[in-house]
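Printed here is entry_9.txt (compact mmCIF, C-alpha atoms and all ligand atoms):
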```txt
# COMPACT_ATOMS: atom_id res chain seq x y z
CA MET A 270 0.00 0.00 0.00
CA GLU A 271 1.26 3.50 -0.89
CA THR A 272 1.94 5.40 2.35
CA VAL A 273 3.63 8.55 1.09
CA VAL A 274 1.89 11.85 1.78
CA THR A 275 2.00 13.93 -1.40
CA ARG A 276 0.72 17.37 -2.42
CA ASP A 277 -2.27 15.66 -4.08
CA SER A 278 -3.09 13.48 -1.09
CA VAL A 279 -2.95 16.53 1.22
CA LEU A 280 -5.27 18.46 -1.10
CA LYS A 281 -7.69 15.52 -1.33
CA ALA A 282 -7.66 14.85 2.42
CA TYR A 283 -8.29 18.50 3.34
CA ARG A 284 -10.96 18.92 0.67
CA ARG A 285 -12.78 16.15 2.56
CA TYR A 286 -12.00 17.57 6.02
CA ALA A 287 -12.76 21.24 5.26
CA HIS A 288 -16.54 20.98 5.80
CA PHE A 289 -16.38 19.42 9.25
CA TYR A 290 -12.82 20.33 10.31
CA ASP A 291 -13.90 22.86 12.97
CA LEU A 292 -16.32 20.40 14.52
CA LEU A 293 -13.81 17.56 14.62
CA PHE A 294 -10.53 19.38 15.31
CA GLY A 295 -11.73 22.70 16.78
CA PRO A 296 -12.21 22.68 20.57
CA ILE A 297 -10.16 19.53 21.13
CA PHE A 298 -6.99 21.19 19.73
CA HIS A 299 -7.76 24.67 21.08
CA PRO A 300 -5.62 24.48 24.27
CA GLY A 301 -2.55 23.82 22.13
CA ARG A 302 -3.35 26.64 19.70
CA ARG A 303 -3.95 29.07 22.56
CA THR A 304 -0.68 28.15 24.31
CA ALA A 305 1.30 28.32 21.05
CA VAL A 306 0.01 31.83 20.31
CA GLN A 307 0.75 32.87 23.94
CA CYS A 308 4.29 31.49 23.56
CA LEU A 309 4.78 33.74 20.51
CA ASN A 310 4.64 36.65 22.97
CA CYS A 311 3.27 38.93 20.24
CA GLN A 312 4.49 42.55 20.39
CA ALA A 313 2.82 45.55 18.78
CA GLY A 314 3.69 45.98 15.12
CA GLU A 315 5.11 42.51 14.60
CA ARG A 316 4.47 40.62 11.38
CA ILE A 317 3.71 36.98 12.00
CA LEU A 318 3.45 34.09 9.56
CA GLU A 319 1.11 31.21 10.37
CA VAL A 320 1.99 28.25 8.16
CA GLY A 321 -0.85 25.81 7.39
CA VAL A 322 -3.44 28.19 8.82
CA GLY A 323 -6.23 25.79 7.77
CA THR A 324 -9.73 27.08 8.53
CA GLY A 325 -8.28 29.92 10.60
CA LEU A 326 -9.24 28.58 14.03
CA SER A 327 -6.37 30.45 15.69
CA LEU A 328 -6.75 33.81 13.92
CA SER A 329 -8.90 35.41 16.61
CA MET A 330 -6.25 34.48 19.23
CA TYR A 331 -3.72 37.05 17.93
CA PRO A 332 -3.89 40.54 19.41
CA PRO A 333 -5.24 43.26 17.10
CA ASN A 334 -1.93 45.19 17.10
CA VAL A 335 0.01 42.57 15.06
CA SER A 336 -0.17 41.67 11.40
CA VAL A 337 -0.81 38.01 10.61
CA VAL A 338 -0.26 36.34 7.25
CA GLY A 339 -1.69 32.83 6.93
CA ILE A 340 -0.76 30.42 4.18
CA ASP A 341 -2.17 27.03 3.27
CA LEU A 342 -1.97 24.58 0.39
CA SER A 343 -5.70 23.87 0.49
CA SER A 344 -8.04 26.46 -1.04
CA ASP A 345 -10.96 24.61 0.59
CA MET A 346 -9.49 25.17 4.07
CA LEU A 347 -8.51 28.77 3.24
CA GLN A 348 -12.02 29.67 2.12
CA ALA A 349 -13.27 28.81 5.61
CA ALA A 350 -10.46 30.93 7.12
CA GLN A 351 -11.38 33.86 4.87
CA ARG A 352 -15.03 33.62 5.92
CA LYS A 353 -14.00 33.66 9.60
CA ALA A 354 -11.69 36.65 9.19
CA GLU A 355 -14.45 38.60 7.44
CA SER A 356 -17.39 37.62 9.66
CA GLU A 357 -15.40 38.21 12.87
CA GLY A 358 -13.81 41.43 11.55
CA LEU A 359 -10.27 40.26 12.38
CA SER A 360 -8.23 43.36 11.59
CA GLN A 361 -4.99 41.58 12.58
CA VAL A 362 -5.28 39.38 9.47
CA GLU A 363 -3.12 40.97 6.79
CA ALA A 364 -3.60 38.22 4.21
CA LEU A 365 -4.59 34.59 3.71
CA ILE A 366 -2.73 33.13 0.77
CA GLU A 367 -2.80 29.81 -1.08
CA MET A 368 0.85 28.79 -1.01
CA ASP A 369 3.02 25.70 -0.57
CA ALA A 370 4.97 25.98 2.69
CA GLN A 371 7.75 23.96 1.09
CA ARG A 372 8.31 26.66 -1.55
CA MET A 373 7.21 29.98 -0.11
CA GLU A 374 6.98 33.04 -2.31
CA PHE A 375 8.09 35.50 0.41
CA PRO A 376 11.52 37.17 0.37
CA GLU A 377 14.07 36.23 3.04
CA ASP A 378 13.53 37.69 6.56
CA SER A 379 9.90 38.71 5.85
CA PHE A 380 8.51 37.89 9.30
CA ASP A 381 9.36 38.59 12.94
CA LYS A 382 7.92 35.25 14.05
CA VAL A 383 6.69 32.05 12.41
CA VAL A 384 4.30 29.47 13.81
CA ALA A 385 3.05 26.16 12.41
CA MET A 386 0.35 24.29 14.32
CA TYR A 387 -0.45 20.66 13.53
CA VAL A 388 1.34 20.98 10.19
CA ALA A 389 4.84 19.44 10.40
CA SER A 390 3.52 15.86 10.17
CA VAL A 391 1.14 16.82 7.37
CA VAL A 392 3.45 18.42 4.77
CA PRO A 393 4.97 16.00 2.29
CA ASP A 394 8.56 16.99 3.31
CA TYR A 395 9.14 18.57 6.72
CA ARG A 396 12.81 19.30 5.87
CA LEU A 397 11.73 21.64 3.08
CA LEU A 398 9.12 23.17 5.39
CA MET A 399 11.72 24.00 8.05
CA LYS A 400 14.22 25.29 5.51
CA GLU A 401 11.59 27.73 4.27
CA VAL A 402 10.43 28.69 7.77
CA LYS A 403 14.02 29.61 8.69
CA ARG A 404 14.54 31.50 5.42
CA VAL A 405 11.47 33.74 5.73
CA CYS A 406 11.87 34.35 9.49
CA LYS A 407 14.20 37.17 10.58
CA PRO A 408 17.44 36.19 12.35
CA GLY A 409 16.70 35.71 16.06
CA GLY A 410 12.96 35.54 15.36
CA THR A 411 10.82 33.09 17.30
CA ILE A 412 9.83 29.85 15.55
CA ILE A 413 7.10 27.77 17.12
CA LEU A 414 5.92 24.34 16.06
CA LEU A 415 2.99 22.53 17.59
CA ASN A 416 2.69 18.90 16.66
CA HIS A 417 2.15 15.36 17.74
CA PHE A 418 5.40 13.38 17.84
CA GLU A 419 5.83 9.62 18.10
CA ASN A 420 4.76 8.48 21.56
CA LYS A 421 7.28 7.04 24.04
CA ASN A 422 4.67 4.58 25.35
CA PRO A 423 5.28 1.29 23.43
CA ILE A 424 1.57 0.40 23.27
CA ILE A 425 0.54 3.78 21.86
CA ARG A 426 3.54 3.68 19.50
CA ALA A 427 2.42 0.26 18.22
CA ALA A 428 -1.06 1.70 17.54
CA GLU A 429 0.52 4.62 15.67
CA SER A 430 2.53 2.21 13.53
CA LEU A 431 -0.64 0.28 12.72
CA ILE A 432 -2.34 3.33 11.19
CA GLN A 433 0.83 4.59 9.45
CA PRO A 434 -0.07 2.74 6.19
CA PHE A 435 -3.14 4.99 5.96
CA ALA A 436 -1.05 8.19 6.14
CA LYS A 437 -1.97 9.14 2.59
CA TYR A 438 -5.71 8.97 3.36
CA LEU A 439 -5.49 10.52 6.81
CA GLY A 440 -3.40 13.39 5.45
CA PHE A 441 -0.67 13.07 8.11
CA HIS A 442 2.05 10.73 9.39
CA PRO A 443 0.88 9.15 12.68
CA ASP A 444 4.40 7.99 13.61
CA PHE A 445 6.61 11.07 13.60
CA PRO A 446 9.73 10.78 15.79
CA LEU A 447 10.83 14.04 17.43
CA GLU A 448 14.55 13.13 17.52
CA LYS A 449 14.60 12.39 13.78
CA PHE A 450 12.73 15.62 13.04
CA LEU A 451 15.16 17.73 15.11
CA LYS A 452 18.24 16.05 13.65
CA GLU A 453 17.13 16.30 10.05
CA THR A 454 15.97 19.92 10.30
CA ASN A 455 18.77 21.20 12.56
CA PHE A 456 16.13 23.00 14.62
CA ARG A 457 17.58 24.02 18.01
CA VAL A 458 14.74 23.91 20.51
CA LEU A 459 14.96 26.13 23.60
CA GLN A 460 11.80 24.88 25.27
CA GLN A 461 9.27 22.08 24.90
CA VAL A 462 5.73 22.48 26.24
CA PRO A 463 3.38 19.46 26.35
CA VAL A 464 -0.23 20.35 25.53
CA ASN A 465 -3.75 19.03 24.89
CA LEU A 466 -5.37 15.80 26.00
CA LEU A 467 -2.93 13.48 27.82
CA HIS A 468 -0.13 15.88 26.80
CA TYR A 469 -0.03 13.95 23.55
CA TRP A 470 1.08 17.03 21.56
CA THR A 471 4.17 19.21 22.07
CA ILE A 472 5.02 22.83 21.41
CA LEU A 473 8.61 23.36 20.30
CA ILE A 474 9.97 26.87 20.81
CA GLY A 475 13.17 28.02 19.13
CA LYS A 476 14.97 31.14 17.90
CA ASN A 477 15.98 31.40 14.29
CA ASP A 478 19.75 30.91 14.23
CA LYS A 479 20.82 31.53 10.64
CA THR A 480 24.44 30.63 11.46
CA ILE A 481 23.45 26.96 11.83
CA PRO A 482 23.58 25.23 8.44
CA HIS A 483 20.29 23.66 7.46
C1 LIG A 501 -4.09 19.50 10.59
S1 LIG A 501 -4.37 20.92 9.62
C2 LIG A 501 -3.96 22.21 10.78
C3 LIG A 501 -4.70 23.48 10.48
C4 LIG A 501 -4.54 24.57 11.54
N1 LIG A 501 -3.16 24.93 11.73
C5 LIG A 501 -5.17 24.20 12.86
O1 LIG A 501 -4.62 24.54 13.91
O2 LIG A 501 -6.25 23.60 12.85
C6 LIG A 501 -2.95 20.95 8.54
C7 LIG A 501 -3.02 22.04 7.50
O3 LIG A 501 -1.75 22.08 6.81
C8 LIG A 501 -2.01 22.36 5.45
N2 LIG A 501 -0.84 21.93 4.64
C9 LIG A 501 -0.41 20.68 4.39
N3 LIG A 501 0.66 20.69 3.59
C10 LIG A 501 0.92 21.99 3.32
C11 LIG A 501 1.90 22.66 2.54
N4 LIG A 501 2.85 21.99 1.87
N5 LIG A 501 1.86 24.00 2.47
C12 LIG A 501 0.91 24.71 3.15
N6 LIG A 501 -0.05 24.13 3.90
C13 LIG A 501 -0.05 22.79 3.99
C14 LIG A 501 -3.28 21.55 5.17
O4 LIG A 501 -3.92 21.98 3.98
C15 LIG A 501 -4.10 21.82 6.44
O5 LIG A 501 -4.90 22.95 6.31
```

Produce structure tokens that represent the structure in this file.
Ligand SMILES: C[S@@+](CC[C@H](N)C(=O)[O-])C[C@H]1O[C@@H](n2cnc3c(N)ncnc32)[C@H](O)[C@@H]1O
Amino acid sequence: METVVTRDSVLKAYRRYAHFYDLLFGPIFHPGRRTAVQCLNCQAGERILEVGVGTGLSLSMYPPNVSVVGIDLSSDMLQAAQRKAESEGLSQVEALIEMDAQRMEFPEDSFDKVVAMYVASVVPDYRLLMKEVKRVCKPGGTIILLNHFENKNPIIRAAESLIQPFAKYLGFHPDFPLEKFLKETNFRVLQQVPVNLLHYWTILIGKNDKTIPH
């Protein structure tokens, strides 16, 4: 069985999810979103990139004195985000753009801070994602990732391995080892914060060190 997550499988999966995404993944993932945005420690006038903004569930969590750009591969998800931004009058939203996080169209150092919530295990290649995140974030800027990583509990890990063959249909990789991710992306994490139900998800907080080779 083909297990590779591709651009097409992501688009197909999120076309399916878009209609009921907020119901299924809204409140249950909210504590993590809220903590991740708090950890950004947003300051007036900052320009923030949210990668894989999805249906825009986190947009109202940013203070009105920052400027948020959200990107996503899925136009279906983005349409929901656009509707939210308009109906809730979210003035902090500068733009919501259909764009591949693995090949961003922004110039280098475009953002003060970059955040990606529940995205790293969804993109086809997380190495390209991180390379781009570091490129578009200013030197010393905060980078925050919120994701599920492979569980240390052997029983849960076995269950994750069982559903791994369905990665393409689920739209994410259930077994996603943190150590491998950190090693392959050269992302230096300053702090890890466990969040959500059973602390099954983790927020990784780092500063963009452009002197470290990717
Ligand atoms: C699990 S959802 C998370 C959405 C949102 N961050 C949240 O908190 O609910 C993952 C999102 O990543 C997007 N995505 C996947 N691959 C992407 C890529 N290469 N570039 C941009 N967005 C991508 C998907 O379309 C989807 O909207």

Item to check | segment 395-398 of chain A surroundings by only C-alpha atoms, 12 Å radius, close-in-sequence under 4 positions cut, as number ranges by chain | outcome: A: 274-275, 320-321, 368-373, 383-385, 387-391, 402-405, 414, 416, 441-442, 445-447, 449-456, 483

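Shortest separation to ligand LIG 501 (chain A) among A:Val322, A:Leu293, A:Leu309, A:Cys406 occurs at residue A:Val322, atoms counted being only C-alpha atoms and all ligand atoms.
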
Checklist entry - Residues at most 9 Å from Pro300 of chain A, counting only C-alpha atoms, excluding those fewer than 5 positions away in the same chain, as a list in words? => result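 Neighbouring residues, sequence-local ones excluded: Ala305, Val464, Asn465 and Leu466 of chain A.
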
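The two atoms in question, atom CA of Gly475 of chain A and atom CA of Gly295 of chain A, are spaced 25.6 Å apart.
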
Item to check | Residue neighbourhood Asn477 of chain A, 7 Å, all atoms listed in the file, exclusion window fewer than 6 positions, as a list in words | outcome: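 Final neighbour list, sorted by chain and number: Lys403, Cys406, Pro408, Gly409, Gly410, Thr411 and Ile412 of chain A.
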
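Atom C8 of ligand LIG 501 (chain A) is found 17.9 Å from atom CA of Ile297 of chain A.
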
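Nearest residue to Lys382 of chain A, choosing from A:Leu328, A:Leu359, A:Ile366, A:Cys308 and counting only C-alpha atoms: A:Cys308.
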
Item to check | For Gln460 of chain A, the nearest of the candidates A:Leu415, A:Glu374, A:Ile481, A:Gly358, counting only C-alpha atoms | outcome: A:Leu415

Show me, as AutoDock Vina command-line options, the centre and edge lengths in Å to one decimal of the axis-aligned box that covers every listed atom of ligand LIG 501 (chain A) with 3 Å on each side.
```
--center_x -1.7 --center_y 22.2 --center_z 7.9 --size_x 15.1 --size_y 11.4 --size_z 18.0
```

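Considering all atoms listed in the file, the residue among A:Tyr331, A:Gly325, A:Asp291, A:Ser379 positioned nearest to Glu355 of chain A is A:Gly325.
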
Could you rebuild segment 335-352 of chain A with N, CA and C atoms and give me the result as a compact mmCIF listing (two decimals), keeping the file's coordinate frame?
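Dumped everything to selection.txt:
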```txt
# COMPACT_ATOMS: atom_id res chain seq x y z
N VAL A 335 -1.00 43.23 15.90
CA VAL A 335 0.01 42.57 15.06
C VAL A 335 -0.59 42.35 13.68
N SER A 336 0.26 41.89 12.77
CA SER A 336 -0.17 41.67 11.40
C SER A 336 0.09 40.20 11.08
N VAL A 337 -0.97 39.46 10.81
CA VAL A 337 -0.81 38.01 10.61
C VAL A 337 -1.04 37.64 9.15
N VAL A 338 -0.09 36.90 8.60
CA VAL A 338 -0.26 36.34 7.25
C VAL A 338 -0.41 34.84 7.42
N GLY A 339 -1.47 34.28 6.86
CA GLY A 339 -1.69 32.83 6.93
C GLY A 339 -1.55 32.23 5.55
N ILE A 340 -0.84 31.10 5.48
CA ILE A 340 -0.76 30.42 4.18
C ILE A 340 -1.25 28.98 4.34
N ASP A 341 -1.74 28.43 3.26
CA ASP A 341 -2.17 27.03 3.27
C ASP A 341 -2.19 26.52 1.83
N LEU A 342 -1.96 25.22 1.71
CA LEU A 342 -1.97 24.58 0.39
C LEU A 342 -3.41 24.42 -0.10
N SER A 343 -4.33 24.24 0.84
CA SER A 343 -5.70 23.87 0.49
C SER A 343 -6.61 25.09 0.37
N SER A 344 -7.13 25.32 -0.84
CA SER A 344 -8.04 26.46 -1.04
C SER A 344 -9.34 26.21 -0.29
N ASP A 345 -9.72 24.93 -0.13
CA ASP A 345 -10.96 24.61 0.59
C ASP A 345 -10.86 25.06 2.05
N MET A 346 -9.71 24.77 2.68
CA MET A 346 -9.49 25.17 4.07
C MET A 346 -9.43 26.71 4.16
N LEU A 347 -8.70 27.31 3.21
CA LEU A 347 -8.51 28.77 3.24
C LEU A 347 -9.82 29.54 3.09
N GLN A 348 -10.73 28.98 2.30
CA GLN A 348 -12.02 29.67 2.12
C GLN A 348 -12.74 29.82 3.46
N ALA A 349 -12.65 28.76 4.28
CA ALA A 349 -13.27 28.81 5.61
C ALA A 349 -12.57 29.87 6.47
N ALA A 350 -11.23 29.94 6.35
CA ALA A 350 -10.46 30.93 7.12
C ALA A 350 -10.86 32.35 6.70
N GLN A 351 -11.01 32.54 5.40
CA GLN A 351 -11.38 33.86 4.87
C GLN A 351 -12.75 34.28 5.40
N ARG A 352 -13.67 33.31 5.41
CA ARG A 352 -15.03 33.62 5.92
C ARG A 352 -14.97 34.05 7.39
```
